[in-house]
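Have a look at the structure below, then the notes.
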Amino acid sequence: MSELLQDPFVQSSVLPLLVGLILVGALHLLRRPLAAAGIAAGFLVVFAMVIGLPALPPPSSMGKLFWASAAGLLIGVVADVAGIRGRIASAVLAVWLAASLLWIALPALDSAAAIVTLVVLLGTAAWVAFARVSQTQGAESPTAPAASLLALALAVGGTALIGSSASIAQMALALAASAGGFLLWNWPVERHGWGLSGRVATGIAVLLAAVLALFTQTQAAVLLLALPALFAGHVRRFLPQGDGPVGRAASSAAVTVVAVLPALVAIGAAFALSGGEASPY
């Protein structure tokens with residue numbers, strides 16, 4: 001069993017998928033609004049199992065990523081338990097994400113390119129924090145934002161894998177798998193809300209992109225091609241919804257597919273820029 005858990009494929013796919021499924025279900029039973037917190041919680045559990053628990057204060061960017069993500073999860077859980085919504089929740093998310101990006105990026109801000117990268121990341125963080133969440137029949141729909149998270153994490157993981165950034169690739173793909181566990185819970189019937197905890201998980205994908213772009217030689221600019229995934233929620237209004245469970249299930253599946261397409265384009269671009277060379281990982 002220990003040898004199986006040490007397999008990189010298991011660590012970045014099967015393990016986080018199972019952990020995400022278990023935590024989403026358990027948190028839903030504990031308190032329904034907390035279900036989306038299972039995504040970030042699953043990511044942190046897998047991070048600790050695969051990479052180890054970072055020191056505090058953390059000496060590396062990956063250590064900062066872990067503790068910033070843990071702080072974000074705590075903020076999201078408190079907000080969801082307290083029922084904090086709207087502009088206040090968005091402002092809290094924006095402050096956490098901006099502070100985390102600056103904390104992670106500060107040692108790498110030694111060039112104009114790095115500063116431009118940080119500005120782009122901060123702009124993406126602002127969108128994650130303040131963009132209007134998709135609504136379905138007056139309730140917060142979890143499929144579109146979770147599919148956007150899945151796509152962004154896949155883009156970061158695939159790009160990192162091609163660029164031979166093994167730890168970033170594993171953790172980004174683990175986040176994608178954890179988001180996949182949440183999506184499975186919400187298909188064919190949407191059971192759980194998204195809340196601030198879910199938006200924190202999307203913020204973690206932005207933090208992973210920051211580590212990849214600022215601390216590796218990977219062609220991280222291709223991640224810009226994945227940003228249209230953030231607009232996946234707008235696709236739903238153009239799809240026939242249907243009143244039955246089959247129609248709603250088909251609509252959710254279509255939104256997920258549309259969200260993932262830009263991520264595949266970004267990964268394809270990264271592969272092309274690498275000269276078509278396969279990663280040793």
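By order of appearance in the structure tokens: chains A, B, ..., then residues from 1 within every chain, and ligands from 1 in the order shown.
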
Problem - Residues within 10 Å of Gly195 in chain A, only C-alpha atoms, excluding chain neighbours under 3 positions, as a PyMOL selection string - result: chain A and resi 33-37+76-77+79-81+83-85+89+133+140-142+192+198-200

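Near Ala70 in chain A, within 10 Å and counting only C-alpha atoms, sit Ala40, Ala41, Phe43, Leu44, Lys64, Leu65, Phe66, Trp67, Ala68, Gly72, Leu73, Leu74, Ile75, Gly76, Val200 and Ile204 of chain A, not including residues fewer than 2 positions from it in the same chain.
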
Fill in the blank from the handout: From the list A:Ala131, A:Val116, A:Ala220, A:Ala232, the nearest residue to Ala160 in chain A using only C-alpha atoms is A:Ala220

As a PDB file with C-alpha atoms, in the first residue's frame, please: every residue in range 74-182 of chain A that a backbone DSSP assignment puts in strand (DSSP E or B).
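Saved the output as result_26.pdb:
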ATOM      1  CA  GLN A 135     -27.093  31.707 -10.202  1.00  0.00           C
ATOM      2  CA  THR A 136     -29.553  28.914 -10.809  1.00  0.00           C
ATOM      3  CA  ALA A 139     -29.532  29.750  -5.585  1.00  0.00           C
ATOM      4  CA  GLU A 140     -25.790  29.736  -5.986  1.00  0.00           C
TER       5      GLU A 140
END

Handout entry: Shell around Gly268 in chain A at 10 Å using only C-alpha atoms, local window under 6 positions removed, as a PyMOL selection string
Key = chain A and resi 155+158-159+162+222+262+274+276

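Closest to Gly180 in chain A among A:Val19, A:Leu27, A:Ala221, A:Ala226 is A:Val19, based on only C-alpha atoms.
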